[in-house]
Amino acid sequence: VKELLKTADVVVENFRPGSADRLGLGYKDLSADNPGLIYASVSGFGHQGLEEYSKRPGYDLLAQGLSGFQAITGDPDGPPYRAGVAIGDLVAGIYTVLGILAALVVKQKTGKGQHVDVSLLDGLLSLLSYQAGIALNGKGDGPSRMGNAHPTICPYSTYQAKDGFVNIAAGNDSLFASLAEALGKPELATDPRFSTNSERVQNRDALDHVLSSLVSEKTVDECS
């Protein structure tokens, strides 16, 4: 392995932090023979940061729980749900590729390699986006499970039709007016409870009740 890596541009390892070092295959060992080597590490919790976790093996489900990702996924009255795919694994892979590409650009200019350190936890924390903003800015009790609803846009959810389910995403007031027209209820757009997005968010339950009733009378094709 060491002979191969003397002329390599990139190596990717997925050991538990510390394992590659014990094998003599850590970044310090390999970069001593190949200063231009880009060494990418993918782990559950990273090589530094949360000391009590960094040396532990990591799996997607564990990272989803620790990051808070599961806390915002699922029905309000049900248990936390993991995402339907291994999203922590996948996003860590994407970020690893981005880190490697950035390091390759630097190598082209300087000839020097780098250690790219990516964890499942890092990636999932980054995906919390506006939910993290809500928590950090102290809005209410922080993020919570809302099923298919959106905390700052309404309507933005899934509704039961006669023969299946329909996703409705009216991201602004103009789209909501078009939705109301399409559903045969143009007056909804001028109803003071629903005329602006902020009002629709405040009156989410009332609007969901109206939309659920209207959609339930139609087939999926009719809604499309």
# chains A, B, ... in the order shown; residues from 1 in each chain; ligands from 1

$ residues_around --residues "region 203-206 of chain A" --least-positions-apart "5" --cutoff "9 Å" --atoms "only C-alpha atoms" --output "ChimeraX atom specification"
/A:154-155,193-194,198,211

$ select_by_dssp --residues "chain A" --states "strand (DSSP E)" --output "list in words"
Val10, Val11, Val12, Glu13, Ile38, Tyr39, Ala40, Ser41, Val42, Ser43, His115, Val116, Asp117, Val118, Ser119, Tyr156, Ser157, Thr158, Tyr159, Gln160, Phe165, Val166, Asn167, Ile168 and Ala169 of chain A

$ residues_around --residues "Thr158 (chain A)" --least-positions-apart "2" --cutoff "8 Å" --atoms "only C-alpha atoms" --output "list in words"
Asn148, Ala149, Tyr156, Gln160, Phe165, Val166, Asn167 and Ile168 of chain A

$ atom_distance --atom1 "CA of Asp77 (chain A)" --atom2 "CA of Gly133 (chain A)"
23.2 Å

$ closest_residue --among "A:Ala40, A:Cys223, A:Ala132, A:Gly138" --to "Leu179 (chain A)" --atoms "only C-alpha atoms"
A:Cys223

$ closest_residue --among "A:Leu66, A:Leu214, A:Ile72, A:Val42" --to "Phe15 (chain A)" --atoms "only C-alpha atoms"
A:Val42

$ atom_distance --atom1 "CA of Ile94 (chain A)" --atom2 "CA of Thr73 (chain A)"
21.8 Å

$ select_by_dssp --residues "region 2-50 of chain A" --states "helix (DSSP H, G or I)" --output "PyMOL selection string"
chain A and resi 2-5+19-22+27-33

$ closest_residue --among "A:Phe176, A:Phe45, A:Tyr39, A:Phe69" --to "Gln131 (chain A)" --atoms "only C-alpha atoms"
A:Phe69

$ closest_residue --among "A:Val220, A:Val97, A:Ala71, A:Ala161" --to "Ser144 (chain A)" --atoms "only C-alpha atoms"
A:Ala71

$ closest_residue --among "A:Tyr159, A:Ser195, A:Tyr95, A:Gly26" --to "Gly147 (chain A)" --atoms "only C-alpha atoms"
A:Tyr159

$ residues_around --residues "Leu4 (chain A)" --least-positions-apart "6" --cutoff "12 Å" --atoms "only C-alpha atoms" --output "PyMOL selection string"
chain A and resi 10-11+25+30+33-34+37
